[in-house]
Amino acid sequence: SLEAVRDALAPLVSEGFDALAAGSVSDAELIGMLHVSGDLRRLADALAIAATEQVDARSQGPLVERLTSRNGAGNTNEVVRNAMRCDVRTAKSFERAARLVHRDQSLTSGELLPARFPMLTEALRDGELGLPGILAATSPLVEVAERVDPDGLAAADAALAEAARGSSVNGSSLPPLAADDLGNLARIWASHLDTDGAVPREDEALRRRAFGLGQVRDGLVPVFGNLLPEVASQFQL
């Protein structure tokens with residue numbers, strides 16, 4: 001069904017492209033094309049984010065059973081990049097968004113549990129949010145999530161989703177917010193929820209510092225972790 005939509009859309013896009021190049025569209029048609037382009041992009045983003053989430057979910061476990069391995073790829077990013085013909089950075093953004101919409105499965109009932117931000121995820125599914133929007137709306141909340149009340153996060157999730165769809169205030173309808181504006185609103189919510197502010201950067205760095213050794217692979221032992229700047233300087237020397 002999606003392929004049929006793509007095949008039907010392609011000649012319309014070509015026709016519109018040529019009309020725009022020739023300058024033969026009215027102002028209203030021009031703005032309308034931008035509106036429709038935005039609608040299509042958000043819908044495509046939603047589909048790609050959901051697909052990326054499944055690529056990642058099916059690329060866990062034994063190496064031979066991973067979707068990435070079966071497709072000759074080293075990781076999820078490579079699968080997404082090759083399939084969508086996008087760059088590494090864009091694929092990483094899809095991976096970030098995919099983690100936000102991931103739904104764990106209940107160990108008792110087997111049912112899917114809500115996503116981390118269920119209302120924003122629903123707005124994404126409905127095409128009200130695209131990739132930039134979902135990341136802008138959630139990034140400030142993710143930063144404070146461990147320090148704030150879950151009910152507050154739920155309220156922020158609902159308010160941001162409403163703003164993404166277009167909200168109503170005092171009987172007046174407000175248009176849907178663009179990604180940058182959603183990000184600004186999300187930062188306001190994060191500041192409101194996290195009234196004491198973030199842990200000082202130095203204390204946070206001390207808490208997160210770590211150094212680890214992986215398993216031997218192909219005669220090499222991978223290393224990973226986070227180093228304080230002065231320790232990293234010694235390694236660099």
# chains A, B, ... in the order shown; residues from 1 in each chain; ligands from 1

call {"tool": "select_by_dssp", "arguments": {"residues": "range 27-225 of chain A", "states": "helix (DSSP H, G or I)", "output": "ChimeraX atom specification"}}
result
/A:27-57,63-65,67-70,76-84,88-101,118-125,131-147,150-165,179-193,201-208

call {"tool": "closest_atom_pairs", "arguments": {"of": "range 90-149 of chain A", "to": "range 34-44 of chain A", "cutoff": "8 Å", "atoms": "only C-alpha atoms", "output": "JSON lines"}}
result
{"residue": "A:Leu124", "atom": "CA", "partner": "A:Arg42", "partner_atom": "CA", "distance": 7.7}
{"residue": "A:Arg125", "atom": "CA", "partner": "A:Leu43", "partner_atom": "CA", "distance": 7.5}
{"residue": "A:Asp126", "atom": "CA", "partner": "A:Leu43", "partner_atom": "CA", "distance": 7.4}
{"residue": "A:Gly127", "atom": "CA", "partner": "A:Leu43", "partner_atom": "CA", "distance": 4.6}
{"residue": "A:Glu128", "atom": "CA", "partner": "A:Arg42", "partner_atom": "CA", "distance": 6.8}
{"residue": "A:Leu129", "atom": "CA", "partner": "A:Arg42", "partner_atom": "CA", "distance": 5.8}
{"residue": "A:Gly130", "atom": "CA", "partner": "A:Arg42", "partner_atom": "CA", "distance": 4.1}
{"residue": "A:Leu131", "atom": "CA", "partner": "A:Arg42", "partner_atom": "CA", "distance": 7.2}

call {"tool": "write_last_selection", "arguments": {"atoms": "N, CA, C and O atoms", "output": "CSV table (one decimal), in the first residue's frame"}}
result
chain,number,residue,atom,x,y,z
A,124,LEU,N,3.3,11.9,17.0
A,124,LEU,CA,4.2,11.5,16.0
A,124,LEU,C,3.5,10.5,15.0
A,124,LEU,O,3.6,10.7,13.8
A,125,ARG,N,2.9,9.5,15.6
A,125,ARG,CA,2.2,8.5,14.7
A,125,ARG,C,1.1,9.2,13.8
A,125,ARG,O,0.9,8.7,12.7
A,126,ASP,N,0.5,10.2,14.3
A,126,ASP,CA,-0.6,10.9,13.6
A,126,ASP,C,-0.1,11.9,12.6
A,126,ASP,O,-0.9,12.5,11.9
A,127,GLY,N,1.2,12.0,12.5
A,127,GLY,CA,1.8,13.0,11.5
A,127,GLY,C,1.8,14.4,12.0
A,127,GLY,O,2.0,15.3,11.2
A,128,GLU,N,1.6,14.6,13.3
A,128,GLU,CA,1.6,16.0,13.8
A,128,GLU,C,3.1,16.4,14.2
A,128,GLU,O,3.3,17.6,14.4
A,129,LEU,N,3.9,15.5,14.3
A,129,LEU,CA,5.3,15.7,14.6
A,129,LEU,C,6.2,15.0,13.6
A,129,LEU,O,5.8,13.9,13.2
A,130,GLY,N,7.3,15.6,13.3
A,130,GLY,CA,8.3,14.9,12.5
A,130,GLY,C,9.6,14.6,13.3
A,130,GLY,O,9.6,14.7,14.6
A,131,LEU,N,10.6,14.2,12.7
A,131,LEU,CA,11.9,13.9,13.4
A,131,LEU,C,12.4,15.1,14.2
A,131,LEU,O,12.7,15.0,15.4

call {"tool": "residues_around", "arguments": {"residues": "Ala136 in chain A", "least_positions_apart": "6", "cutoff": "9 Å", "atoms": "only C-alpha atoms", "output": "PDB file with C-alpha atoms, in the first residue's frame"}}
result
ATOM      1  CA  ALA A 179       9.975  22.247  15.979  1.00  0.00           C
ATOM      2  CA  ASP A 180      12.046  25.156  17.352  1.00  0.00           C
ATOM      3  CA  ASP A 181       9.074  26.562  19.226  1.00  0.00           C
ATOM      4  CA  LEU A 182       8.292  23.151  20.675  1.00  0.00           C
ATOM      5  CA  GLY A 183      11.879  22.954  21.870  1.00  0.00           C
ATOM      6  CA  ASN A 184      11.533  26.335  23.594  1.00  0.00           C
ATOM      7  CA  ALA A 186       9.924  21.974  26.345  1.00  0.00           C
TER       8      ALA A 186
END

call {"tool": "closest_residue", "arguments": {"among": "A:Gly16, A:Asp218, A:Pro118, A:Ser167", "to": "Glu29 in chain A", "atoms": "only C-alpha atoms"}}
result
A:Gly16

call {"tool": "residues_around", "arguments": {"residues": "Leu2 in chain A", "least_positions_apart": "3", "cutoff": "12 Å", "atoms": "only C-alpha atoms", "output": "list in words"}}
result
Val5, Arg6, Asp7, Ala8, Leu9, Leu43, Ala44 and Leu47 of chain A

call {"tool": "select_by_dssp", "arguments": {"residues": "range 5-237 of chain A", "states": "strand (DSSP E or B)", "output": "list of chain:residue names"}}
result
A:Gln105, A:Leu112, A:Ser168, A:Val169, A:Ser172, A:Ser173, A:Ala210, A:Phe211, A:Gly212, A:Leu213, A:Arg217, A:Leu220, A:Val223, A:Phe224, A:Gly225, A:Asn226

call {"tool": "residues_around", "arguments": {"residues": "Val144 in chain A", "least_positions_apart": "5", "cutoff": "12 Å", "atoms": "only C-alpha atoms", "output": "list in words"}}
result
Thr138, Ser139, Asp149, Pro150, Gly152, Leu153, Ala156, Ala186, Arg187, Ile188, Trp189, Ala190, Ser191, His192, Leu193, Asp194, Thr195, Asp196, Gly197, Ala198 and Val199 of chain A

call {"tool": "write_last_selection", "arguments": {"atoms": "N, CA and C atoms", "output": "compact mmCIF listing (two decimals), in the first residue's frame"}}
result
# COMPACT_ATOMS: atom_id res chain seq x y z
N THR A 138 11.37 16.46 23.25
CA THR A 138 11.72 15.50 24.32
C THR A 138 13.11 15.72 24.91
N SER A 139 14.03 16.28 24.16
CA SER A 139 15.41 16.39 24.65
C SER A 139 15.52 17.10 26.00
N ASP A 149 9.38 14.66 39.14
CA ASP A 149 8.22 13.81 39.43
C ASP A 149 7.65 13.25 38.12
N PRO A 150 7.38 11.95 38.06
CA PRO A 150 6.81 11.35 36.85
C PRO A 150 5.49 12.00 36.42
N GLY A 152 4.75 15.09 36.71
CA GLY A 152 5.11 16.32 36.02
C GLY A 152 5.54 16.06 34.59
N LEU A 153 6.30 15.00 34.40
CA LEU A 153 6.72 14.63 33.04
C LEU A 153 5.51 14.28 32.18
N ALA A 156 3.87 17.45 31.12
CA ALA A 156 4.64 18.09 30.05
C ALA A 156 4.43 17.37 28.72
N ALA A 186 9.43 23.10 25.57
CA ALA A 186 9.92 21.97 26.35
C ALA A 186 10.96 22.42 27.38
N ARG A 187 11.80 23.38 27.01
CA ARG A 187 12.79 23.89 27.96
C ARG A 187 12.11 24.63 29.12
N ILE A 188 11.03 25.34 28.82
CA ILE A 188 10.28 26.01 29.88
C ILE A 188 9.70 24.98 30.85
N TRP A 189 9.13 23.92 30.29
CA TRP A 189 8.59 22.85 31.13
C TRP A 189 9.70 22.20 31.97
N ALA A 190 10.83 21.94 31.35
CA ALA A 190 11.93 21.30 32.07
C ALA A 190 12.41 22.19 33.22
N SER A 191 12.49 23.50 32.97
CA SER A 191 12.91 24.43 34.01
C SER A 191 11.88 24.49 35.13
N HIS A 192 10.61 24.43 34.76
CA HIS A 192 9.54 24.46 35.76
C HIS A 192 9.55 23.19 36.62
N LEU A 193 9.80 22.07 36.01
CA LEU A 193 9.79 20.80 36.74
C LEU A 193 11.04 20.62 37.60
N ASP A 194 12.17 21.08 37.08
CA ASP A 194 13.45 20.89 37.77
C ASP A 194 13.85 22.20 38.44
N THR A 195 13.08 22.59 39.46
CA THR A 195 13.25 23.92 40.06
C THR A 195 14.60 24.08 40.76
N ASP A 196 15.18 22.99 41.23
CA ASP A 196 16.47 23.09 41.92
C ASP A 196 17.65 23.15 40.96
N GLY A 197 17.39 22.95 39.69
CA GLY A 197 18.47 23.00 38.71
C GLY A 197 19.21 21.68 38.63
N ALA A 198 20.06 21.59 37.63
CA ALA A 198 20.83 20.36 37.42
C ALA A 198 21.93 20.24 38.46
N VAL A 199 22.38 19.03 38.66
CA VAL A 199 23.53 18.80 39.51
C VAL A 199 24.71 19.55 38.91

call {"tool": "residues_around", "arguments": {"residues": "range 84-97 of chain A", "least_positions_apart": "3", "cutoff": "9 Å", "atoms": "only C-alpha atoms", "output": "PyMOL selection string"}}
result
chain A and resi 45+48-50+52-53+56+76-81+100-102+131-132+134-135

call {"tool": "residues_around", "arguments": {"residues": "Asp104 in chain A", "least_positions_apart": "2", "cutoff": "12 Å", "atoms": "only C-alpha atoms", "output": "ChimeraX atom specification"}}
result
/A:53-54,57,99-102,106-116

call {"tool": "atom_distance", "arguments": {"atom1": "CA of Thr68 in chain A", "atom2": "CA of Asn82 in chain A"}}
result
11.4 Å

call {"tool": "atom_distance", "arguments": {"atom1": "CA of Gly74 in chain A", "atom2": "CA of Pro222 in chain A"}}
result
15.9 Å

call {"tool": "atom_distance", "arguments": {"atom1": "CA of Ala161 in chain A", "atom2": "CA of Glu122 in chain A"}}
result
8.1 Å

call {"tool": "closest_residue", "arguments": {"among": "A:Val55, A:Leu237, A:Ala154, A:Leu177", "to": "Asn71 in chain A", "atoms": "only C-alpha atoms"}}
result
A:Val55

call {"tool": "closest_residue", "arguments": {"among": "A:Gly212, A:Asp18, A:Arg103, A:Gly72", "to": "Leu227 in chain A", "atoms": "only C-alpha atoms"}}
result
A:Gly212
